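Shown next: upload_2.pdb, given as PDB, C-alpha atoms.
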```
ATOM      1  CA  MET A1280     -30.891 -87.050  48.561
ATOM      2  CA  LYS A1281     -32.529 -88.784  51.501
ATOM      3  CA  LYS A1282     -34.443 -85.635  52.414
ATOM      4  CA  GLU A1283     -35.730 -85.241  48.850
ATOM      5  CA  THR A1284     -36.858 -88.887  48.759
ATOM      6  CA  GLU A1285     -38.772 -88.527  52.019
ATOM      7  CA  LYS A1286     -40.439 -85.387  50.748
ATOM      8  CA  ASN A1287     -41.666 -86.650  47.384
ATOM      9  CA  THR A1288     -42.282 -90.361  47.841
ATOM     10  CA  VAL A1289     -44.088 -92.726  50.173
ATOM     11  CA  ASP A1290     -43.657 -96.355  51.092
ATOM     12  CA  VAL A1291     -47.348 -97.142  50.713
ATOM     13  CA  PHE A1292     -46.611-100.869  50.853
ATOM     14  CA  SER A1293     -45.738-100.516  54.524
ATOM     15  CA  ALA A1294     -48.943 -98.620  55.324
ATOM     16  CA  LYS A1295     -51.542 -99.965  57.708
ATOM     17  CA  GLY A1296     -53.506-102.829  56.176
ATOM     18  CA  MET A1297     -50.921-103.725  53.560
ATOM     19  CA  GLU A1298     -49.782-107.285  54.245
ATOM     20  CA  PRO A1299     -47.097-108.733  51.970
ATOM     21  CA  SER A1300     -46.873-112.499  51.616
ATOM     22  CA  CYS A1301     -43.292-112.150  52.803
ATOM     23  CA  LYS A1302     -40.630-109.473  52.883
ATOM     24  CA  ILE A1303     -37.030-108.482  53.393
ATOM     25  CA  ASP A1304     -37.243-105.079  55.060
ATOM     26  CA  ASN A1305     -36.250-102.167  52.805
ATOM     27  CA  LYS A1306     -35.121-104.570  50.075
ATOM     28  CA  LEU A1307     -37.965-106.684  48.676
ATOM     29  CA  LEU A1308     -41.685-107.322  49.213
ATOM     30  CA  LEU A1309     -43.777-110.125  47.732
ATOM     31  CA  PHE A1310     -47.548-109.874  47.296
ATOM     32  CA  ASP A1311     -49.975-112.448  45.909
ATOM     33  CA  ASN A1312     -53.528-113.691  46.260
ATOM     34  CA  LEU A1313     -52.726-117.297  45.371
ATOM     35  CA  SER A1314     -54.210-118.552  48.642
ATOM     36  CA  ARG A1315     -56.128-115.613  50.105
ATOM     37  CA  LYS A1316     -58.009-112.395  49.354
ATOM     38  CA  ASN A1317     -56.521-109.604  47.257
ATOM     39  CA  PRO A1318     -53.908-107.917  49.516
ATOM     40  CA  LEU A1319     -53.864-104.759  47.364
ATOM     41  CA  ILE A1320     -57.379-103.638  48.321
ATOM     42  CA  PRO A1321     -56.062-101.393  51.162
ATOM     43  CA  LEU A1322     -54.360 -99.275  48.471
ATOM     44  CA  THR A1323     -57.749 -97.675  47.834
ATOM     45  CA  GLU A1324     -57.443 -95.852  51.173
ATOM     46  CA  TYR A1325     -54.227 -94.071  50.170
ATOM     47  CA  GLN A1326     -54.522 -93.442  46.459
ATOM     48  CA  PRO A1327     -53.379 -92.003  44.250
ATOM     49  CA  VAL A1328     -49.917 -92.733  45.504
ATOM     50  CA  LYS A1329     -46.442 -92.110  44.153
ATOM     51  CA  VAL A1330     -44.510 -95.356  44.487
ATOM     52  CA  TYR A1331     -40.746 -95.119  44.806
ATOM     53  CA  GLN A1332     -40.052 -98.832  44.303
ATOM     54  CA  MET A1333     -40.047-100.719  41.025
ATOM     55  CA  THR A1334     -42.866-103.251  40.771
ATOM     56  CA  ILE A1335     -43.267-106.358  38.619
ATOM     57  CA  PHE A1336     -46.887-107.523  38.557
ATOM     58  CA  LEU A1337     -47.764-110.813  36.828
ATOM     59  CA  ILE A1338     -51.307-112.100  36.274
ATOM     60  CA  GLU A1339     -51.832-115.851  35.994
ATOM     61  CA  LYS A1340     -55.602-115.589  35.697
ATOM     62  CA  GLY A1341     -58.255-112.892  35.392
ATOM     63  CA  SER A1342     -57.553-109.195  34.936
ATOM     64  CA  CYS A1343     -56.945-105.952  36.795
ATOM     65  CA  ILE A1344     -57.302-102.240  36.050
ATOM     66  CA  LEU A1345     -54.907 -99.692  37.526
ATOM     67  CA  ASN A1346     -54.570 -95.980  36.861
ATOM     68  CA  ILE A1347     -50.912 -95.215  36.182
ATOM     69  CA  ASN A1348     -49.763 -91.641  35.608
ATOM     70  CA  GLN A1349     -53.361 -90.547  34.906
ATOM     71  CA  LYS A1350     -54.077 -93.347  32.430
ATOM     72  CA  ASP A1351     -56.248 -96.436  33.020
ATOM     73  CA  VAL A1352     -54.230 -99.557  32.242
ATOM     74  CA  GLU A1353     -55.734-103.037  32.028
ATOM     75  CA  ILE A1354     -53.487-106.016  32.729
ATOM     76  CA  LYS A1355     -54.901-109.319  31.563
ATOM     77  CA  GLU A1356     -54.218-112.995  32.079
ATOM     78  CA  GLY A1357     -50.778-113.922  30.764
ATOM     79  CA  GLN A1358     -49.368-110.405  31.035
ATOM     80  CA  VAL A1359     -46.740-108.683  33.172
ATOM     81  CA  LEU A1360     -46.790-105.027  34.202
ATOM     82  CA  VAL A1361     -43.486-103.346  35.025
ATOM     83  CA  THR A1362     -43.624 -99.927  36.692
ATOM     84  CA  ARG A1363     -40.530 -97.839  37.168
ATOM     85  CA  GLU A1364     -39.892 -95.863  40.342
ATOM     86  CA  GLU A1365     -41.979 -92.748  40.948
ATOM     87  CA  CYS A1366     -45.089 -93.814  39.036
ATOM     88  CA  VAL A1367     -48.337 -92.370  40.418
ATOM     89  CA  VAL A1368     -50.718 -95.303  40.812
ATOM     90  CA  SER A1369     -54.353 -95.870  41.790
ATOM     91  CA  TYR A1370     -56.037 -99.253  42.191
ATOM     92  CA  ILE A1371     -59.301 -99.351  40.198
ATOM     93  CA  SER A1372     -60.662-102.903  40.101
ATOM     94  CA  ALA A1373     -59.896-106.589  39.617
ATOM     95  CA  SER A1374     -61.910-109.527  38.340
ATOM     96  CA  GLU A1375     -63.216-111.964  40.937
ATOM     97  CA  ASP A1376     -61.113-114.784  39.528
ATOM     98  CA  ILE A1377     -57.815-112.873  39.525
ATOM     99  CA  LYS A1378     -54.651-114.748  40.489
ATOM    100  CA  PHE A1379     -51.505-112.638  40.590
ATOM    101  CA  PHE A1380     -48.091-112.299  42.140
ATOM    102  CA  MET A1381     -46.002-109.170  42.488
ATOM    103  CA  TYR A1382     -42.455-108.165  43.362
ATOM    104  CA  VAL A1383     -41.882-104.759  44.973
ATOM    105  CA  ILE A1384     -38.194-103.986  44.561
ATOM    106  CA  TYR A1385     -36.491-101.262  46.566
ATOM    107  CA  PRO A1386     -33.900 -98.991  44.851
ATOM    108  CA  GLU A1387     -30.883-100.536  46.589
ATOM    109  CA  THR A1388     -31.911-104.035  45.543
ATOM    110  CA  LEU A1389     -32.621-102.827  42.023
ATOM    111  CA  LEU A1390     -29.064-101.559  41.679
ATOM    112  CA  GLU A1391     -27.743-104.893  42.941
ATOM    113  CA  ILE A1392     -29.797-106.814  40.389
ATOM    114  CA  PHE A1393     -28.496-104.744  37.499
ATOM    115  CA  LYS A1394     -24.981-105.238  38.776
ATOM    116  CA  ASP A1395     -25.646-109.000  38.853
ATOM    117  CA  ILE A1396     -26.658-109.001  35.174
ATOM    118  CA  HIS A1397     -23.743-106.699  34.244
ATOM    119  CA  MET A1398     -25.801-103.656  33.332
ATOM    120  CA  ASN A1399     -25.569-100.100  34.587
ATOM    121  CA  TYR A1400     -28.921 -98.835  35.802
ATOM    122  CA  ASN A1401     -30.161 -95.294  35.514
ATOM    123  CA  LYS A1402     -33.477 -93.744  34.558
ATOM    124  CA  SER A1403     -32.798 -94.177  30.850
ATOM    125  CA  THR A1404     -32.108 -97.912  31.115
ATOM    126  CA  LEU A1405     -35.811 -98.682  31.091
ATOM    127  CA  THR A1406     -37.256 -96.231  28.590
ATOM    128  CA  TYR A1407     -40.867 -96.148  29.704
ATOM    129  CA  THR A1408     -42.337 -95.276  33.095
ATOM    130  CA  TYR A1409     -44.424 -98.424  32.820
ATOM    131  CA  SER A1410     -44.894-101.242  30.306
ATOM    132  CA  VAL A1411     -47.222-104.204  29.845
ATOM    133  CA  TYR A1412     -45.901-107.327  28.112
ATOM    134  CA  ASP A1413     -47.473-110.577  27.013
ATOM    135  CA  VAL A1414     -45.911-113.670  28.570
ATOM    136  CA  ASP A1415     -46.289-117.010  26.831
ATOM    137  CA  GLU A1416     -47.645-119.953  28.791
ATOM    138  CA  ALA A1417     -44.277-121.653  29.294
ATOM    139  CA  ASN A1418     -42.622-118.518  30.671
ATOM    140  CA  MET A1419     -45.593-117.730  32.906
ATOM    141  CA  LEU A1420     -45.404-121.209  34.413
ATOM    142  CA  GLN A1421     -41.681-120.735  34.977
ATOM    143  CA  PHE A1422     -42.139-117.309  36.584
ATOM    144  CA  SER A1423     -44.967-118.614  38.761
ATOM    145  CA  GLN A1424     -42.807-121.444  40.049
ATOM    146  CA  MET A1425     -39.888-119.050  40.603
ATOM    147  CA  TYR A1426     -42.134-116.810  42.665
ATOM    148  CA  LYS A1427     -43.404-119.699  44.778
ATOM    149  CA  ASP A1428     -39.870-120.976  45.323
ATOM    150  CA  THR A1429     -38.690-117.493  46.341
ATOM    151  CA  LYS A1430     -41.622-117.074  48.717
ATOM    152  CA  SER A1431     -41.024-120.491  50.296
ATOM    153  CA  PHE A1432     -37.340-119.759  50.801
ATOM    154  CA  LEU A1433     -37.988-116.357  52.375
ATOM    155  CA  LEU A1434     -40.512-117.830  54.782
ATOM    156  CA  HIS A1435     -38.467-120.814  55.925
ATOM    157  CA  ASN A1436     -34.746-120.065  55.672
ATOM    158  CA  ASP A1437     -31.975-118.126  57.344
ATOM    159  CA  LYS A1438     -32.338-114.365  56.769
ATOM    160  CA  LYS A1439     -28.611-114.147  56.065
ATOM    161  CA  TYR A1440     -29.074-115.724  52.639
ATOM    162  CA  GLN A1441     -32.556-114.530  51.723
ATOM    163  CA  ILE A1442     -31.765-111.559  49.510
ATOM    164  CA  ASN A1443     -29.068-113.379  47.534
ATOM    165  CA  TYR A1444     -31.458-116.259  46.869
ATOM    166  CA  ALA A1445     -34.263-113.910  45.806
ATOM    167  CA  ARG A1446     -31.933-111.975  43.520
ATOM    168  CA  SER A1447     -30.992-115.151  41.649
ATOM    169  CA  PHE A1448     -34.603-115.486  40.495
ATOM    170  CA  LEU A1449     -35.077-111.777  39.889
ATOM    171  CA  ASN A1450     -32.026-111.746  37.640
ATOM    172  CA  VAL A1451     -33.747-114.212  35.306
ATOM    173  CA  LEU A1452     -36.962-112.192  35.361
ATOM    174  CA  PHE A1453     -35.153-108.922  34.630
ATOM    175  CA  ILE A1454     -33.272-110.367  31.681
ATOM    176  CA  TYR A1455     -36.614-111.469  30.227
ATOM    177  CA  VAL A1456     -38.198-108.049  30.839
ATOM    178  CA  ILE A1457     -35.293-106.122  29.305
ATOM    179  CA  ASN A1458     -35.176-108.371  26.241
ATOM    180  CA  GLN A1459     -38.940-108.045  25.838
ATOM    181  CA  MET A1460     -38.671-104.284  26.072
ATOM    182  CA  LYS A1461     -35.996-104.165  23.370
ATOM    183  CA  GLU A1462     -38.040-106.472  21.126
ATOM    184  CA  ASN A1463     -41.124-104.290  21.496
ATOM    185  CA  GLN A1464     -39.150-101.150  20.729
ATOM    186  CA  PHE A1465     -37.739-102.750  17.591
ATOM    187  CA  GLN A1466     -41.180-103.867  16.404
ATOM    188  CA  GLN A1467     -42.725-100.458  17.049
ATOM    189  CA  LYS A1468     -40.008 -98.422  15.342
ATOM    190  CA  LYS A1469     -41.543 -96.099  12.779
ATOM    191  CA  PRO A1470     -41.168 -92.475  11.596
ATOM    192  CA  ALA A1471     -43.082 -91.211  14.667
ATOM    193  CA  SER A1472     -40.716 -92.900  17.122
ATOM    194  CA  LYS A1473     -38.798 -89.674  17.723
ATOM    195  CA  GLN A1474     -42.049 -88.031  18.675
ATOM    196  CA  TYR A1475     -42.814 -90.869  21.078
ATOM    197  CA  ASP A1476     -39.366 -90.485  22.661
ATOM    198  CA  MET A1477     -40.147 -86.794  23.063
ATOM    199  CA  PHE A1478     -43.486 -87.615  24.665
ATOM    200  CA  SER A1479     -41.783 -90.083  27.052
ATOM    201  CA  LYS A1480     -39.240 -87.435  28.065
ATOM    202  CA  PHE A1481     -42.079 -84.989  28.681
ATOM    203  CA  ILE A1482     -43.705 -87.493  31.074
ATOM    204  CA  ASP A1483     -40.360 -87.994  32.809
ATOM    205  CA  TYR A1484     -40.002 -84.224  33.243
ATOM    206  CA  LEU A1485     -43.518 -84.048  34.677
ATOM    207  CA  ASN A1486     -42.563 -86.660  37.271
ATOM    208  CA  ARG A1487     -39.568 -84.554  38.250
ATOM    209  CA  TYR A1488     -40.858 -80.991  38.018
ATOM    210  CA  ALA A1489     -44.665 -80.894  38.240
ATOM    211  CA  ASP A1490     -44.467 -79.910  41.909
ATOM    212  CA  LYS A1491     -42.732 -76.660  40.869
ATOM    213  CA  GLU A1492     -43.469 -75.937  37.204
ATOM    214  CA  ARG A1493     -46.921 -75.657  35.582
ATOM    215  CA  THR A1494     -46.309 -73.925  32.264
ATOM    216  CA  VAL A1495     -46.129 -75.582  28.865
ATOM    217  CA  GLN A1496     -43.306 -73.189  28.005
ATOM    218  CA  PHE A1497     -41.071 -74.641  30.740
ATOM    219  CA  TYR A1498     -41.373 -78.215  29.416
ATOM    220  CA  ALA A1499     -41.085 -77.127  25.795
ATOM    221  CA  ASP A1500     -37.831 -75.327  26.660
ATOM    222  CA  MET A1501     -36.553 -78.470  28.405
ATOM    223  CA  LEU A1502     -37.205 -80.423  25.191
ATOM    224  CA  GLY A1503     -35.921 -77.710  22.856
ATOM    225  CA  ILE A1504     -39.233 -77.339  20.981
ATOM    226  CA  THR A1505     -42.118 -74.865  20.853
ATOM    227  CA  PRO A1506     -45.132 -75.125  23.194
ATOM    228  CA  LYS A1507     -47.397 -75.619  20.169
ATOM    229  CA  TYR A1508     -45.349 -78.582  18.932
ATOM    230  CA  LEU A1509     -45.253 -80.135  22.409
ATOM    231  CA  SER A1510     -49.039 -80.006  22.607
ATOM    232  CA  TYR A1511     -49.237 -81.560  19.138
ATOM    233  CA  VAL A1512     -46.963 -84.454  20.198
ATOM    234  CA  CYS A1513     -49.005 -85.039  23.360
ATOM    235  CA  SER A1514     -52.248 -85.079  21.389
ATOM    236  CA  GLU A1515     -50.803 -87.564  18.901
ATOM    237  CA  PHE A1516     -50.042 -90.137  21.585
ATOM    238  CA  SER A1517     -52.607 -89.468  24.288
ATOM    239  CA  GLU A1518     -55.484 -87.376  22.911
ATOM    240  CA  LYS A1519     -54.653 -84.771  25.578
ATOM    241  CA  ASN A1520     -52.641 -81.605  25.093
ATOM    242  CA  ALA A1521     -49.604 -80.629  27.170
ATOM    243  CA  SER A1522     -51.556 -78.252  29.398
ATOM    244  CA  THR A1523     -54.018 -80.988  30.371
ATOM    245  CA  TRP A1524     -51.171 -83.378  31.163
ATOM    246  CA  ILE A1525     -49.557 -80.775  33.421
ATOM    247  CA  ASP A1526     -52.830 -80.018  35.213
ATOM    248  CA  GLU A1527     -53.526 -83.694  35.855
ATOM    249  CA  TYR A1528     -50.026 -84.323  37.180
ATOM    250  CA  VAL A1529     -50.207 -81.355  39.558
ATOM    251  CA  VAL A1530     -53.581 -82.544  40.856
ATOM    252  CA  ALA A1531     -52.241 -86.096  41.257
ATOM    253  CA  LYS A1532     -49.328 -84.764  43.308
ATOM    254  CA  ALA A1533     -51.737 -82.691  45.379
ATOM    255  CA  ARG A1534     -53.870 -85.737  46.099
ATOM    256  CA  VAL A1535     -50.836 -87.728  47.199
ATOM    257  CA  LEU A1536     -49.912 -84.964  49.646
ATOM    258  CA  GLN A1537     -53.507 -84.762  50.818
ATOM    259  CA  ASN A1538     -54.491 -88.431  51.050
ATOM    260  CA  VAL A1539     -51.187 -90.032  52.023
ATOM    261  CA  HIS A1540     -49.308 -87.317  53.932
ATOM    262  CA  HIS A1541     -52.475 -85.588  55.231
ATOM    263  CA  TYR A1542     -51.126 -82.122  54.433
ATOM    264  CA  SER A1543     -53.335 -79.067  54.911
ATOM    265  CA  VAL A1544     -54.340 -76.914  51.927
ATOM    266  CA  LYS A1545     -51.784 -74.343  53.054
ATOM    267  CA  LYS A1546     -49.004 -76.928  53.234
ATOM    268  CA  ILE A1547     -49.943 -78.397  49.823
ATOM    269  CA  SER A1548     -49.914 -74.949  48.213
ATOM    270  CA  GLN A1549     -46.413 -74.400  49.576
ATOM    271  CA  GLU A1550     -45.147 -77.796  48.418
ATOM    272  CA  LEU A1551     -46.548 -77.244  44.909
ATOM    273  CA  ASN A1552     -45.170 -73.707  44.589
ATOM    274  CA  PHE A1553     -48.485 -71.819  44.571
ATOM    275  CA  PRO A1554     -48.319 -68.196  45.806
ATOM    276  CA  THR A1555     -51.266 -68.645  48.204
ATOM    277  CA  PRO A1556     -53.658 -71.374  49.408
ATOM    278  CA  THR A1557     -56.448 -69.522  47.615
ATOM    279  CA  SER A1558     -54.668 -69.721  44.256
ATOM    280  CA  PHE A1559     -54.098 -73.452  44.775
ATOM    281  CA  THR A1560     -57.781 -73.973  45.642
ATOM    282  CA  ARG A1561     -58.850 -72.096  42.476
ATOM    283  CA  TYR A1562     -56.463 -74.168  40.369
ATOM    284  CA  PHE A1563     -57.645 -77.447  41.909
ATOM    285  CA  LYS A1564     -61.302 -76.545  41.352
ATOM    286  CA  ARG A1565     -60.672 -75.505  37.746
ATOM    287  CA  VAL A1566     -59.072 -78.875  36.972
ATOM    288  CA  THR A1567     -61.331 -81.185  39.007
ATOM    289  CA  GLY A1568     -64.560 -79.254  39.454
ATOM    290  CA  ASN A1569     -64.221 -79.590  43.222
ATOM    291  CA  THR A1570     -62.335 -77.839  45.997
ATOM    292  CA  PRO A1571     -59.719 -79.732  48.018
ATOM    293  CA  THR A1572     -61.344 -81.293  51.064
ATOM    294  CA  ARG A1573     -58.542 -80.597  53.495
TER     295      ARG A1573
END
```

Serialized structure, structure tokens:
Amino acid sequence: MKKETEKNTVDVFSAKGMEPSCKIDNKLLLFDNLSRKNPLIPLTEYQPVKVYQMTIFLIEKGSCILNINQKDVEIKEGQVLVTREECVVSYISASEDIKFFMYVIYPETLLEIFKDIHMNYNKSTLTYTYSVYDVDEANMLQFSQMYKDTKSFLLHNDKKYQINYARSFLNVLFIYVINQMKENQFQQKKPASKQYDMFSKFIDYLNRYADKERTVQFYADMLGITPKYLSYVCSEFSEKNASTWIDEYVVAKARVLQNVHHYSVKKISQELNFPTPTSFTRYFKRVTGNTPTR
């Protein structure tokens, strides 16, 4: 398991230039720009990147655009973005007046939090790979103060008690997020919901298998449907067919290996199960219009 994690993920938040407001190594990182410049700007040097931690990103003021799993997502003032582990993320832009705070939660800590709130956590607990929720003014003020209190405690108190203190606040935040998720699912329930569940599973399978499998038939078989119906479902919810989704995920994985791990074209072709570097280069050029630079 450890070997697989090292192969397919990267702790970009510990990369050169990334400076959290405070941290508990391998458990929790806090980022904000409440008193300084945007600390996420260095992400542009490594993107796109596959993040193996869960992140909770709250915006008090302004707005931000990220690309998550090949889709541009805007997060506005009074909203919270929750990304599950293994999302592929690129930083696009932020308004000049943005004020945000963010929790980066490592897998071990995530399991502890769910244990605290008496829930079992697995990849089906949170249905979507990412979600954006509106937060009313009262809750945003509460979450902002919780963040500042957590940050102050981590900076000025005994390390022995830091993670337990931080988890007490994260428990409250997670209960809110989970309840909000359930409320949104209830409100959005309609005849097409089964199709959306199918689409979500397809995205999950892409996260798991796109480094090895590039055929629509493979994913259709995983879902127990025909390739034609899978492409129809994808088009209904994203205006892209299944083949395009697969191509974009493979290219995103290639760019992570290239930009973050600095793999050669030969090494990338091996990691992504291409028969030769030449076949990978042809594939990459067909999808992007350009050849890989490394």

Might you spell out which residues the PyMOL selection byres ((chain A and resi 1480) around 10) would select in the displayed file, as a ChimeraX atom specification? /A:1403,1406-1408,1474-1479,1481-1486,1498,1501-1502

Quick one: which residues end up in the PyMOL selection byres ((chain A and resi 1521) around 9) for this structure, as a tab-separated table (two decimals) with C-alpha atoms, in the coordinates of the input?
```tsv
chain	number	residue	atom	x	y	z
A	1481	PHE	CA	-42.08	-84.99	28.68
A	1495	VAL	CA	-46.13	-75.58	28.86
A	1498	TYR	CA	-41.37	-78.22	29.42
A	1506	PRO	CA	-45.13	-75.12	23.19
A	1507	LYS	CA	-47.40	-75.62	20.17
A	1509	LEU	CA	-45.25	-80.14	22.41
A	1510	SER	CA	-49.04	-80.01	22.61
A	1511	TYR	CA	-49.24	-81.56	19.14
A	1512	VAL	CA	-46.96	-84.45	20.20
A	1513	CYS	CA	-49.00	-85.04	23.36
A	1514	SER	CA	-52.25	-85.08	21.39
A	1519	LYS	CA	-54.65	-84.77	25.58
A	1520	ASN	CA	-52.64	-81.60	25.09
A	1522	SER	CA	-51.56	-78.25	29.40
A	1523	THR	CA	-54.02	-80.99	30.37
A	1524	TRP	CA	-51.17	-83.38	31.16
A	1525	ILE	CA	-49.56	-80.78	33.42
A	1526	ASP	CA	-52.83	-80.02	35.21
```

State, in Å with one decimal place, the distance from CA of Ser1543 (chain A) to CA of Phe1563 (chain A).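 Separating CA of Ser1543 (chain A) from CA of Phe1563 (chain A) is a distance of 13.8 Å.
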
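If all atoms listed in the file are the atoms counted, then among A:Leu1536, A:Leu1313, A:Leu1322, A:Leu1308 the closest residue to Ile1384 (chain A) is A:Leu1308.
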
Nearest candidate to Pro1318 (chain A) (options A:Pro1556, A:Gly1341, A:Pro1299, A:Gly1568; using only C-alpha atoms):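 Closest to Pro1318 (chain A), using only C-alpha atoms: A:Pro1299.
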
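Nearest residue to Phe1380 (chain A), choosing from A:Gln1332, A:Thr1560, A:Gln1424, A:Asn1348 and counting only C-alpha atoms: A:Gln1424.
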
Picked residues, the PyMOL selection byres ((chain A and resi 1451) around 12), expected as a PyMOL selection string: chain A and resi 1392-1393+1395-1396+1418+1421-1422+1425-1426+1444-1450+1452-1458

Distance query Thr1323 (chain A) at most 9 Å, all atoms listed in the file, self and fewer than 2 positions along chain excluded, as a list in words: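 Returned residues: Leu1319, Ile1320, Pro1321, Tyr1325, Gln1326, Pro1327, Ser1369, Tyr1370 and Ile1371 of chain A.
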
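Between CA of Arg1534 (chain A) and CA of Ile1547 (chain A) the interatomic distance comes to 9.1 Å.
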
Can you tell me how far CA of Leu1307 (chain A) sits from CA of Ser1342 (chain A), in Å to one decimal? 24.1 Å

Please determine an axis-aligned box that encloses all atoms of region 1297-1311 of chain A listed in the file, with 6 Å added on each side, and express its centre and edge lengths in Å to one decimal as AutoDock Vina command-line options.
```
--center_x -43.0 --center_y -107.3 --center_z 50.5 --size_x 27.8 --size_y 22.3 --size_z 21.2
```

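Across A:Val1367, A:Val1328, A:Met1381, A:Val1411, the tightest approach to Lys1355 (chain A) is made by A:Val1411 when counting all atoms listed in the file.
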
From A:Val1361, A:Val1291, A:Val1414, A:Ala1533, residue lying nearest Lys1546 (chain A) [only C-alpha atoms]: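 Checking each of A:Val1361, A:Val1291, A:Val1414, A:Ala1533 against Lys1546 (chain A), counting only C-alpha atoms, the winner is A:Ala1533.
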
Could you list, as an NGL selection string, every residue within 9 Å of Asp1415 (chain A), counting only C-alpha atoms and ignoring same-chain residues fewer than 4 positions away? :A and (1357-1358 or 1419-1420)

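Nearest residue to Val1330 (chain A), choosing from A:Glu1492, A:Asp1290, A:Glu1353, A:Glu1515 and counting all atoms listed in the file: A:Asp1290.
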
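For Ala1373 (chain A), the list of residues within 7 Å, based on all atoms listed in the file and with local chain neighbours fewer than 2 positions off taken out, reads Ser1342, Cys1343, Ile1344, Glu1375 and Ile1377 of chain A.
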